[in-house]
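Pasted below: model_32.cif, mmCIF, C-alpha atoms.
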data_structure
loop_
_atom_site.group_PDB
_atom_site.id
_atom_site.type_symbol
_atom_site.label_atom_id
_atom_site.label_comp_id
_atom_site.auth_asym_id
_atom_site.auth_seq_id
_atom_site.Cartn_x
_atom_site.Cartn_y
_atom_site.Cartn_z
ATOM 1 C CA MET E 1172 -12.462 0.587 15.905
ATOM 2 C CA PRO E 1173 -10.126 -2.426 15.559
ATOM 3 C CA ARG E 1174 -9.276 -3.436 12.026
ATOM 4 C CA MET E 1175 -8.977 -6.882 10.451
ATOM 5 C CA LEU E 1176 -5.330 -6.236 9.638
ATOM 6 C CA ASP E 1177 -2.487 -8.684 9.091
ATOM 7 C CA VAL E 1178 0.829 -7.164 10.211
ATOM 8 C CA SER E 1179 3.700 -9.537 9.497
ATOM 9 C CA ASP E 1180 6.738 -9.799 11.761
ATOM 10 C CA ALA E 1181 8.821 -8.179 9.020
ATOM 11 C CA VAL E 1182 6.500 -5.175 8.787
ATOM 12 C CA ARG E 1183 6.341 -4.878 12.586
ATOM 13 C CA ALA E 1184 10.137 -4.945 12.815
ATOM 14 C CA GLU E 1185 10.356 -2.030 10.364
ATOM 15 C CA ILE E 1186 7.615 0.221 11.748
ATOM 16 C CA GLY E 1187 7.983 -0.674 15.433
ATOM 17 C CA ASP E 1188 5.592 -2.217 17.940
ATOM 18 C CA GLU E 1189 3.945 1.090 18.850
ATOM 19 C CA GLU E 1190 3.000 1.948 15.278
ATOM 20 C CA ALA E 1191 1.869 -1.632 14.584
ATOM 21 C CA ASP E 1192 -0.386 -1.601 17.662
ATOM 22 C CA ARG E 1193 -1.916 1.700 16.585
ATOM 23 C CA LEU E 1194 -2.682 0.219 13.193
ATOM 24 C CA LEU E 1195 -4.339 -2.841 14.699
ATOM 25 C CA ALA E 1196 -6.381 -0.606 17.001
ATOM 26 C CA GLY E 1197 -7.651 1.312 13.990
ATOM 27 C CA GLU E 1198 -5.977 4.616 14.844
ATOM 28 C CA ASN E 1199 -3.846 4.955 11.697
ATOM 29 C CA ALA E 1200 -5.490 2.501 9.294
ATOM 30 C CA PRO E 1201 -8.219 3.506 6.855
ATOM 31 C CA GLY E 1202 -11.504 1.653 6.900
ATOM 32 C CA SER E 1203 -11.886 1.660 3.131
ATOM 33 C CA TYR E 1204 -8.965 1.515 0.697
ATOM 34 C CA ASP E 1205 -8.050 0.581 -2.858
ATOM 35 C CA CYS E 1206 -6.091 -2.691 -2.869
ATOM 36 C CA THR E 1207 -2.470 -2.026 -3.815
ATOM 37 C CA SER E 1208 -2.490 -5.196 -5.934
ATOM 38 C CA CYS E 1209 -5.822 -5.484 -7.758
ATOM 39 C CA ARG E 1210 -6.818 -1.804 -7.364
ATOM 40 C CA THR E 1211 -10.386 -2.658 -6.337
ATOM 41 C CA PRO E 1212 -12.001 -1.362 -3.103
ATOM 42 C CA GLY E 1213 -11.431 -3.050 0.233
ATOM 43 C CA ASP E 1214 -12.657 -2.525 3.774
ATOM 44 C CA SER E 1215 -10.397 -3.348 6.708
ATOM 45 C CA GLU E 1216 -13.421 -3.369 9.039
ATOM 46 C CA GLN E 1217 -15.120 -6.127 7.046
ATOM 47 C CA GLU E 1218 -12.383 -8.289 5.482
ATOM 48 C CA ARG E 1219 -8.860 -9.420 6.203
ATOM 49 C CA THR E 1220 -6.417 -6.824 4.982
ATOM 50 C CA SER E 1221 -2.640 -7.054 4.572
ATOM 51 C CA THR E 1222 -0.233 -4.278 5.461
ATOM 52 C CA VAL E 1223 2.446 -3.968 2.773
ATOM 53 C CA LEU E 1224 5.445 -1.751 3.532
ATOM 54 C CA PHE E 1225 7.282 -0.394 0.503
ATOM 55 C CA VAL E 1226 10.793 0.677 1.497
ATOM 56 C CA GLY E 1227 12.971 2.955 -0.610
ATOM 57 C CA ASP E 1228 16.390 4.419 0.078
ATOM 58 C CA GLU E 1229 15.025 7.266 2.192
ATOM 59 C CA THR E 1230 11.269 6.758 2.341
ATOM 60 C CA ALA E 1231 8.888 4.082 3.545
ATOM 61 C CA VAL E 1232 5.220 3.892 2.582
ATOM 62 C CA LEU E 1233 2.604 1.623 4.098
ATOM 63 C CA ALA E 1234 -0.077 0.386 1.721
ATOM 64 C CA PHE E 1235 -3.031 -1.937 2.150
ATOM 65 C CA ALA E 1236 -4.175 -4.948 0.143
ATOM 66 C CA HIS E 1237 -6.785 -7.665 0.302
ATOM 67 C CA ALA E 1238 -5.244 -10.559 2.208
ATOM 68 C CA THR E 1239 -6.357 -12.794 -0.682
ATOM 69 C CA CYS E 1240 -4.267 -10.698 -3.103
ATOM 70 C CA LEU E 1241 -1.042 -10.136 -1.135
ATOM 71 C CA PRO E 1242 0.427 -11.304 2.158
ATOM 72 C CA SER E 1243 1.685 -8.738 4.646
ATOM 73 C CA GLN E 1244 5.316 -8.132 3.746
ATOM 74 C CA VAL E 1245 8.159 -5.662 3.307
ATOM 75 C CA VAL E 1246 9.038 -4.854 -0.299
ATOM 76 C CA GLN E 1247 12.295 -3.145 -1.238
ATOM 77 C CA VAL E 1248 11.903 -0.724 -4.163
ATOM 78 C CA THR E 1249 13.909 2.128 -5.567
ATOM 79 C CA GLU E 1250 13.285 5.614 -4.211
ATOM 80 C CA GLU E 1251 12.134 6.746 -7.659
ATOM 81 C CA GLN E 1252 9.594 3.931 -7.859
ATOM 82 C CA LEU E 1253 8.323 4.686 -4.381
ATOM 83 C CA ARG E 1254 7.829 8.391 -4.997
ATOM 84 C CA GLY E 1255 6.089 7.658 -8.288
ATOM 85 C CA ALA E 1256 3.799 5.162 -6.584
ATOM 86 C CA VAL E 1257 2.876 7.654 -3.873
ATOM 87 C CA ARG E 1258 2.001 10.264 -6.502
ATOM 88 C CA SER E 1259 -0.149 7.723 -8.308
ATOM 89 C CA ILE E 1260 -1.931 6.619 -5.151
ATOM 90 C CA ASN E 1261 -2.608 10.156 -3.999
ATOM 91 C CA ALA E 1262 -3.927 11.121 -7.428
ATOM 92 C CA ASP E 1263 -6.220 8.091 -7.604
ATOM 93 C CA THR E 1264 -7.498 7.892 -4.030
ATOM 94 C CA GLY E 1265 -6.713 11.118 -2.253
ATOM 95 C CA GLY E 1266 -4.069 9.328 -0.204
ATOM 96 C CA GLN E 1267 -6.451 6.815 1.384
ATOM 97 C CA SER E 1268 -4.507 3.685 0.360
ATOM 98 C CA ALA E 1269 -1.038 4.521 1.596
ATOM 99 C CA ALA E 1270 0.556 6.449 4.377
ATOM 100 C CA GLY E 1271 4.086 7.463 5.249
ATOM 101 C CA VAL E 1272 5.248 5.675 8.374
ATOM 102 C CA PRO E 1273 8.423 5.771 10.450
ATOM 103 C CA ALA E 1274 10.612 2.890 9.338
ATOM 104 C CA GLN E 1275 13.194 1.659 11.795
ATOM 105 C CA GLY E 1276 16.577 1.024 10.237
ATOM 106 C CA VAL E 1277 15.576 2.648 6.947
ATOM 107 C CA PRO E 1278 17.386 6.078 6.298
ATOM 108 C CA GLN E 1279 1.425 -5.820 -21.836
ATOM 109 C CA GLN E 1280 3.024 -5.803 -24.164
ATOM 110 C CA ALA E 1281 6.696 -5.803 -24.685
ATOM 111 C CA ALA E 1282 8.116 -4.173 -21.600
ATOM 112 C CA PRO E 1283 11.035 -1.740 -21.649
ATOM 113 C CA GLU E 1284 14.426 -3.248 -21.043
ATOM 114 C CA ALA E 1285 15.697 -3.325 -17.479
ATOM 115 C CA ALA E 1286 19.056 -3.962 -15.895
ATOM 116 C CA VAL E 1287 19.750 -7.032 -13.768
ATOM 117 C CA ARG E 1288 23.041 -8.265 -12.370
ATOM 118 C CA GLN E 1289 23.106 -11.889 -13.450
ATOM 119 C CA GLY E 1290 26.370 -13.677 -13.881
ATOM 120 C CA ALA E 1291 28.394 -10.697 -15.133
ATOM 121 C CA GLN E 1292 30.628 -7.997 -13.721
ATOM 122 C CA GLU E 1293 28.398 -5.301 -15.254
ATOM 123 C CA PRO E 1294 24.591 -5.313 -15.325
ATOM 124 C CA ALA E 1295 23.245 -7.396 -18.172
ATOM 125 C CA VAL E 1296 20.246 -6.043 -20.038
ATOM 126 C CA LEU E 1297 17.089 -8.134 -20.121
ATOM 127 C CA GLY E 1298 13.960 -7.726 -22.168
ATOM 128 C CA VAL E 1299 10.769 -8.729 -20.360
ATOM 129 C CA THR E 1300 7.451 -9.392 -22.082
ATOM 130 C CA SER E 1301 4.151 -10.126 -20.333
ATOM 131 C CA GLY E 1302 1.393 -12.144 -21.927
ATOM 132 C CA LEU E 1303 -1.241 -14.810 -21.383
ATOM 133 C CA VAL E 1304 -0.179 -18.353 -22.288
ATOM 134 C CA LEU E 1305 -2.594 -21.242 -22.814
ATOM 135 C CA VAL E 1306 -1.469 -24.346 -20.901
ATOM 136 C CA ALA E 1307 -3.637 -27.461 -20.589
ATOM 137 C CA GLY E 1308 -6.696 -25.539 -21.746
ATOM 138 C CA GLU E 1309 -6.355 -22.663 -19.276
ATOM 139 C CA LEU E 1310 -4.875 -19.190 -19.631
ATOM 140 C CA HIS E 1311 -1.968 -18.385 -17.326
ATOM 141 C CA PRO E 1312 -0.157 -15.092 -16.803
ATOM 142 C CA ALA E 1313 3.418 -15.352 -18.042
ATOM 143 C CA LEU E 1314 6.624 -13.369 -18.186
ATOM 144 C CA VAL E 1315 9.158 -14.081 -20.912
ATOM 145 C CA VAL E 1316 12.738 -13.014 -20.210
ATOM 146 C CA GLU E 1317 15.392 -12.740 -22.901
ATOM 147 C CA PRO E 1318 18.770 -10.956 -22.658
ATOM 148 C CA THR E 1319 19.899 -8.637 -25.406
ATOM 149 C CA ALA E 1320 23.382 -10.185 -25.330
ATOM 150 C CA PRO E 1321 25.029 -13.393 -24.069
ATOM 151 C CA ILE E 1322 25.447 -13.670 -20.299
ATOM 152 C CA VAL E 1323 28.533 -15.378 -18.909
ATOM 153 C CA ARG E 1324 29.348 -16.842 -15.538
ATOM 154 C CA PRO E 1325 31.081 -14.494 -13.069
ATOM 155 C CA GLY E 1326 34.845 -14.498 -13.511
ATOM 156 C CA THR E 1327 34.754 -15.836 -17.049
ATOM 157 C CA THR E 1328 35.230 -14.164 -20.403
ATOM 158 C CA GLY E 1329 34.683 -15.133 -23.976
ATOM 159 C CA PRO E 1330 31.800 -15.686 -26.379
ATOM 160 C CA GLY E 1331 29.918 -18.280 -24.310
ATOM 161 C CA ASP E 1332 26.365 -17.904 -22.998
ATOM 162 C CA ASP E 1333 25.630 -19.335 -19.539
ATOM 163 C CA PHE E 1334 22.198 -17.725 -19.062
ATOM 164 C CA LEU E 1335 20.148 -20.932 -19.048
ATOM 165 C CA THR E 1336 22.776 -22.849 -17.065
ATOM 166 C CA LEU E 1337 22.799 -20.181 -14.360
ATOM 167 C CA LEU E 1338 19.008 -20.306 -14.141
ATOM 168 C CA THR E 1339 18.850 -24.112 -13.975
ATOM 169 C CA GLU E 1340 21.324 -23.930 -11.100
ATOM 170 C CA GLN E 1341 18.786 -21.671 -9.373
ATOM 171 C CA GLY E 1342 16.028 -24.242 -9.824
ATOM 172 C CA TYR E 1343 14.510 -23.391 -13.209
ATOM 173 C CA THR E 1344 13.528 -26.404 -15.306
ATOM 174 C CA PRO E 1345 14.346 -27.016 -18.992
ATOM 175 C CA VAL E 1346 11.095 -27.468 -20.926
ATOM 176 C CA ALA E 1347 10.583 -29.357 -24.153
ATOM 177 C CA GLY E 1348 6.984 -28.172 -24.621
ATOM 178 C CA LEU E 1349 4.271 -26.052 -23.064
ATOM 179 C CA ASP E 1350 1.860 -28.877 -22.308
ATOM 180 C CA SER E 1351 1.965 -28.532 -18.514
ATOM 181 C CA VAL E 1352 2.580 -25.891 -15.866
ATOM 182 C CA PRO E 1353 6.245 -25.880 -14.742
ATOM 183 C CA PRO E 1354 7.093 -26.688 -11.113
ATOM 184 C CA VAL E 1355 6.797 -23.988 -8.457
ATOM 185 C CA LEU E 1356 10.137 -22.407 -7.575
ATOM 186 C CA HIS E 1357 9.839 -21.560 -3.902
ATOM 187 C CA GLY E 1358 11.673 -18.493 -2.656
ATOM 188 C CA TRP E 1359 11.215 -16.666 -5.957
ATOM 189 C CA SER E 1360 8.187 -14.477 -6.649
ATOM 190 C CA VAL E 1361 6.699 -11.870 -8.962
ATOM 191 C CA LEU E 1362 5.857 -8.522 -7.420
ATOM 192 C CA LEU E 1363 2.629 -7.116 -8.825
ATOM 193 C CA ALA E 1364 1.678 -4.100 -6.729
ATOM 194 C CA MET E 1365 -0.406 -0.979 -7.240
ATOM 195 C CA GLY E 1366 -1.798 -2.625 -10.345
ATOM 196 C CA GLN E 1367 1.642 -2.716 -11.997
ATOM 197 C CA LEU E 1368 4.552 -5.107 -12.478
ATOM 198 C CA HIS E 1369 7.502 -4.092 -10.313
ATOM 199 C CA ALA E 1370 10.018 -6.915 -10.077
ATOM 200 C CA VAL E 1371 10.966 -10.572 -10.051
ATOM 201 C CA LEU E 1372 12.295 -11.352 -6.593
ATOM 202 C CA GLN E 1373 14.807 -14.027 -5.636
ATOM 203 C CA PRO E 1374 15.697 -15.379 -2.184
ATOM 204 C CA GLY E 1375 17.807 -13.042 -0.067
ATOM 205 C CA ALA E 1376 21.317 -13.975 1.007
ATOM 206 C CA GLU E 1377 21.442 -16.226 4.071
ATOM 207 C CA GLY E 1378 17.675 -16.222 4.441
ATOM 208 C CA GLY E 1379 17.372 -12.430 4.401
ATOM 209 C CA ARG E 1380 14.789 -10.228 2.731
ATOM 210 C CA PRO E 1381 14.027 -11.162 -0.906
ATOM 211 C CA ALA E 1382 16.068 -9.179 -3.410
ATOM 212 C CA ALA E 1383 15.208 -8.033 -6.919
ATOM 213 C CA TRP E 1384 16.608 -10.363 -9.600
ATOM 214 C CA TRP E 1385 14.958 -8.173 -12.217
ATOM 215 C CA GLN E 1386 13.454 -4.774 -11.489
ATOM 216 C CA ALA E 1387 11.631 -2.458 -13.857
ATOM 217 C CA HIS E 1388 13.102 0.985 -14.380
ATOM 218 C CA GLN E 1389 9.518 2.181 -13.921
ATOM 219 C CA PRO E 1390 6.542 0.050 -12.798
ATOM 220 C CA LEU E 1391 5.104 -1.604 -15.886
ATOM 221 C CA GLN E 1392 1.468 -1.675 -16.891
ATOM 222 C CA VAL E 1393 -0.091 -5.091 -17.529
ATOM 223 C CA THR E 1394 -3.407 -5.804 -19.172
ATOM 224 C CA GLU E 1395 -6.576 -6.280 -17.137
ATOM 225 C CA GLY E 1396 -6.716 -9.876 -18.357
ATOM 226 C CA TRP E 1397 -3.143 -10.569 -17.256
ATOM 227 C CA ARG E 1398 -3.725 -9.071 -13.811
ATOM 228 C CA ALA E 1399 -7.011 -10.950 -13.395
ATOM 229 C CA ALA E 1400 -5.333 -14.251 -14.290
ATOM 230 C CA ALA E 1401 -2.468 -13.519 -11.885
ATOM 231 C CA ASN E 1402 -4.889 -12.806 -9.040
ATOM 232 C CA LYS E 1403 -6.889 -15.928 -9.895
ATOM 233 C CA HIS E 1404 -3.922 -18.303 -9.925
ATOM 234 C CA GLN E 1405 -1.807 -16.373 -7.372
ATOM 235 C CA GLN E 1406 1.207 -17.316 -9.463
ATOM 236 C CA VAL E 1407 2.964 -16.397 -12.697
ATOM 237 C CA LEU E 1408 4.756 -18.586 -15.225
ATOM 238 C CA MET E 1409 8.238 -17.335 -16.028
ATOM 239 C CA PHE E 1410 10.010 -18.456 -19.189
ATOM 240 C CA ALA E 1411 13.604 -17.581 -20.041
ATOM 241 C CA ALA E 1412 15.536 -18.046 -23.268
ATOM 242 C CA PRO E 1413 18.988 -16.975 -24.542
ATOM 243 C CA VAL E 1414 19.450 -13.948 -26.752
ATOM 244 C CA GLY E 1415 17.881 -14.253 -30.187
ATOM 245 C CA SER E 1416 15.476 -17.052 -29.253
ATOM 246 C CA ILE E 1417 12.185 -15.196 -28.756
ATOM 247 C CA GLY E 1418 12.408 -11.621 -30.010
ATOM 248 C CA ARG E 1419 9.858 -8.867 -29.509
ATOM 249 C CA GLN E 1420 6.508 -10.366 -30.511
ATOM 250 C CA PRO E 1421 3.600 -7.932 -30.998
ATOM 251 C CA ARG E 1422 0.838 -10.503 -30.391
ATOM 252 C CA GLU E 1423 0.317 -13.277 -27.862
ATOM 253 C CA ASP E 1424 -0.170 -15.917 -30.570
ATOM 254 C CA LEU E 1425 3.206 -15.002 -32.061
ATOM 255 C CA LEU E 1426 4.764 -15.059 -28.589
ATOM 256 C CA ARG E 1427 3.393 -18.552 -28.053
ATOM 257 C CA ASN E 1428 4.791 -19.714 -31.390
ATOM 258 C CA ALA E 1429 8.216 -18.342 -30.445
ATOM 259 C CA LEU E 1430 8.067 -20.120 -27.073
ATOM 260 C CA ASP E 1431 7.118 -23.416 -28.710
ATOM 261 C CA LYS E 1432 10.011 -23.069 -31.154
ATOM 262 C CA ALA E 1433 12.526 -22.260 -28.400
ATOM 263 C CA ALA E 1434 11.310 -25.219 -26.343
ATOM 264 C CA ALA E 1435 11.643 -27.582 -29.293
ATOM 265 C CA GLN E 1436 15.224 -26.371 -29.795
ATOM 266 C CA GLY E 1437 16.110 -26.921 -26.113
ATOM 267 C CA LYS E 1438 16.494 -23.189 -25.515
ATOM 268 C CA LEU E 1439 13.806 -22.607 -22.885
ATOM 269 C CA VAL E 1440 13.680 -22.914 -19.103
ATOM 270 C CA ALA E 1441 10.699 -22.158 -16.913
ATOM 271 C CA ALA E 1442 9.311 -22.020 -13.399
ATOM 272 C CA THR E 1443 6.071 -21.131 -11.701
ATOM 273 C CA LEU E 1444 6.604 -18.194 -9.350
ATOM 274 C CA PRO E 1445 4.195 -17.265 -6.551
ATOM 275 C CA LEU E 1446 2.582 -13.863 -6.883
ATOM 276 C CA ALA E 1447 4.318 -11.417 -4.547
ATOM 277 C CA GLY E 1448 5.560 -14.312 -2.388
ATOM 278 C CA THR E 1449 7.856 -13.678 0.539
#
Translate this file's structure into C-alpha cells.
Amino acid sequence: MPRMLDVSDAVRAEIGDEEADRLLAGENAPGSYDCTSCRTPGDSEQERTSTVLFVGDETAVLAFAHATCLPSQVVQVTEEQLRGAVRSINADTGGQSAAGVPAQGVPQQAAPEAAVRQGAQEPAVLGVTSGLVLVAGELHPALVVEPTAPIVRPGTTGPGDDFLTLLTEQGYTPVAGLDSVPPVLHGWSVLLAMGQLHAVLQPGAEGGRPAAWWQAHQPLQVTEGWRAAANKHQQVLMFAAPVGSIGRQPREDLLRNALDKAAAQGKLVAATLPLAGT
C-alpha cells in the first residue's frame, strides 16, 4: 500500500531512484514507526512522514519521522554515532523505525565537552549546556556554548580571544539582554534526532550539505521538557560566550543569571536556529 512519505531530492540522490520508488510504493517502509525525533508513534499510512537518511563513514541508515517534527533530509554523523543509534532503535522498537539501505556514493544538564574546529589549527574544546530559558513570558529551548580556552582566528597566535567576533561574522547577534528572541540564522540548525541532541549544523561549503559546527562525542540526552519545547517552537535559541563567562551551572535559574550577567557585560551573542533545518 502506498505510504504518505516525503523523500527529499537529497535522500533520493543517496539511495537511488529504485529504492526511493519502492519506499513510496510501501514495499520497504513500515506502516507504524517511532518518530526518530520525538520518539512517539507514527503511521505512514495515515500521516505525512519524512524519510531521514543518517550517513556514517561506512554505513547508511534510513529512519522515519513525523513530517511536522523533521523534514526529509540527509544527516552526516560519525560511524560510532550511527552504530549506537541503530542499537538503540533496534532495542526500543525491534528495528521497525530504521532500516539499512544502499547509499550511493557513501563507502540536560551540562553536556560533556566536544571538539569543534573553530578558528584554530587544532580542535578547540567547547562546553555545551542545554536548558529552558524564559523569554517574553514563554519558555524556549536553549543551548549555551562556552569554550574551555580562548579561541583565535586562523593563522594568528597570542593571548587574544576571537570567539565572539568569529561568530558575529557568521551572523550571530550581540545581545545586551534576554528580553526578546534573537533573529533566526538561516542555514544553521540544531540536530535533535532519535530523542537526543546530536549536533549544531552550519551551512556547507559552496552550498553543499550542512556540516557539523559542533558535534557531540555521543548523542546527548535532553529533558522531556526541553524536547517538547523544541518540537513546539521548531527552533532552538543558541547563546555563546567566551571562556569564563558562564561556567557549569547546575540549575536553570543559575544558568539564566549567568546569561544575564554575560549579556550585561557585552560577552554574549545569540541566534535562533531552526530545529534540524537543512
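Once the PyMOL selection byres ((chain E and resi 1309) around 12) is applied to the depicted file, the selected set reads Leu1303, Val1304, Leu1305, Val1306, Ala1307, Gly1308, Leu1310, His1311, Pro1312, Leu1349, Asp1350, Ser1351, Val1352, Ala1400, Lys1403 and His1404 of chain E.
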Residue members of the PyMOL selection byres ((chain E and resi 1245) around 12) in the file shown, as a PyMOL selection string: chain E and resi 1178-1186+1221-1227+1231-1235+1241-1244+1246-1248+1274+1277+1362+1379-1382+1447-1449
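For the atom pair formed by atom CA of Asp1205 of chain E and atom CA of Leu1368 of chain E, the distance is 16.8 Å, given to one decimal.
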Where does segment 1285-1394 of chain E meet segment 1407-1428 of chain E within 10 Å, residue by residue, with the nearest atom pair and distance in Å to one decimal for each, counting only C-alpha atoms, listed by chain and rising number, as a Markdown table?
| residue | atom | partner | partner_atom | distance |
| --- | --- | --- | --- | --- |
| E:Leu1297 | CA | E:Val1414 | CA | 9.1 |
| E:Gly1298 | CA | E:Arg1419 | CA | 8.5 |
| E:Val1299 | CA | E:Arg1419 | CA | 9.2 |
| E:Thr1300 | CA | E:Arg1419 | CA | 7.8 |
| E:Ser1301 | CA | E:Glu1423 | CA | 9.0 |
| E:Gly1302 | CA | E:Glu1423 | CA | 6.1 |
| E:Leu1303 | CA | E:Glu1423 | CA | 6.8 |
| E:Val1304 | CA | E:Arg1427 | CA | 6.8 |
| E:Leu1305 | CA | E:Arg1427 | CA | 8.4 |
| E:His1311 | CA | E:Leu1408 | CA | 7.0 |
| E:Pro1312 | CA | E:Val1407 | CA | 5.3 |
| E:Ala1313 | CA | E:Leu1408 | CA | 4.5 |
| E:Leu1314 | CA | E:Met1409 | CA | 4.8 |
| E:Val1315 | CA | E:Phe1410 | CA | 4.8 |
| E:Val1316 | CA | E:Ala1411 | CA | 4.7 |
| E:Glu1317 | CA | E:Ala1412 | CA | 5.3 |
| E:Pro1318 | CA | E:Val1414 | CA | 5.1 |
| E:Thr1319 | CA | E:Val1414 | CA | 5.5 |
| E:Ala1320 | CA | E:Val1414 | CA | 5.6 |
| E:Pro1321 | CA | E:Val1414 | CA | 6.2 |
| E:Ile1322 | CA | E:Pro1413 | CA | 8.4 |
| E:Asp1332 | CA | E:Pro1413 | CA | 7.6 |
| E:Asp1333 | CA | E:Pro1413 | CA | 8.6 |
| E:Phe1334 | CA | E:Pro1413 | CA | 6.4 |
| E:Leu1335 | CA | E:Pro1413 | CA | 6.9 |
| E:Leu1338 | CA | E:Ala1411 | CA | 8.5 |
| E:Tyr1343 | CA | E:Phe1410 | CA | 9.0 |
| E:Thr1344 | CA | E:Phe1410 | CA | 9.5 |
| E:Pro1345 | CA | E:Ala1411 | CA | 9.5 |
| E:Val1346 | CA | E:Phe1410 | CA | 9.2 |
| E:Leu1349 | CA | E:Arg1427 | CA | 9.1 |
| E:Val1352 | CA | E:Leu1408 | CA | 7.6 |
| E:Pro1353 | CA | E:Leu1408 | CA | 7.5 |
| E:Pro1354 | CA | E:Leu1408 | CA | 9.4 |
| E:Val1355 | CA | E:Leu1408 | CA | 8.9 |
| E:Ser1360 | CA | E:Val1407 | CA | 8.2 |
| E:Val1361 | CA | E:Val1407 | CA | 7.0 |
| E:Leu1362 | CA | E:Val1407 | CA | 9.9 |
| E:Val1371 | CA | E:Met1409 | CA | 9.4 |
Nearest candidate to Leu1356 of chain E (options E:Pro1212, E:Pro1445, E:Gly1375, E:Gly1396; using only C-alpha atoms):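 Smallest separation from Leu1356 of chain E among the options: E:Pro1445.
Nearest to Pro1390 of chain E of all the residues E:Thr1443, E:Asn1199, E:Thr1336, E:Gln1367 is E:Gln1367, counting only C-alpha atoms.
Nearest residue to Trp1384 of chain E among E:Gly1366, E:Lys1432, E:Gln1341, E:Ala1401 is E:Gln1341, counting all atoms listed in the file.
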d(atom CA of Met1365 of chain E, atom CA of Leu1444 of chain E) in Å: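 Atom CA of Leu1444 of chain E lies at a distance of 18.7 Å from atom CA of Met1365 of chain E.
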How big is the axis-aligned box, and where does its centre sit, when it encloses all atoms of segment 1225-1238 of chain E listed in the file and has 5 Å added on every side, reported in Å to one decimal as lines of an AutoDock Vina configuration file?
center_x = 4.8
center_y = -1.6
center_z = 1.7
size_x = 33.2
size_y = 27.8
size_z = 14.7
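Take atom CA of Tyr1204 of chain E and atom CA of Gly1187 of chain E: the distance between them is 22.6 Å.
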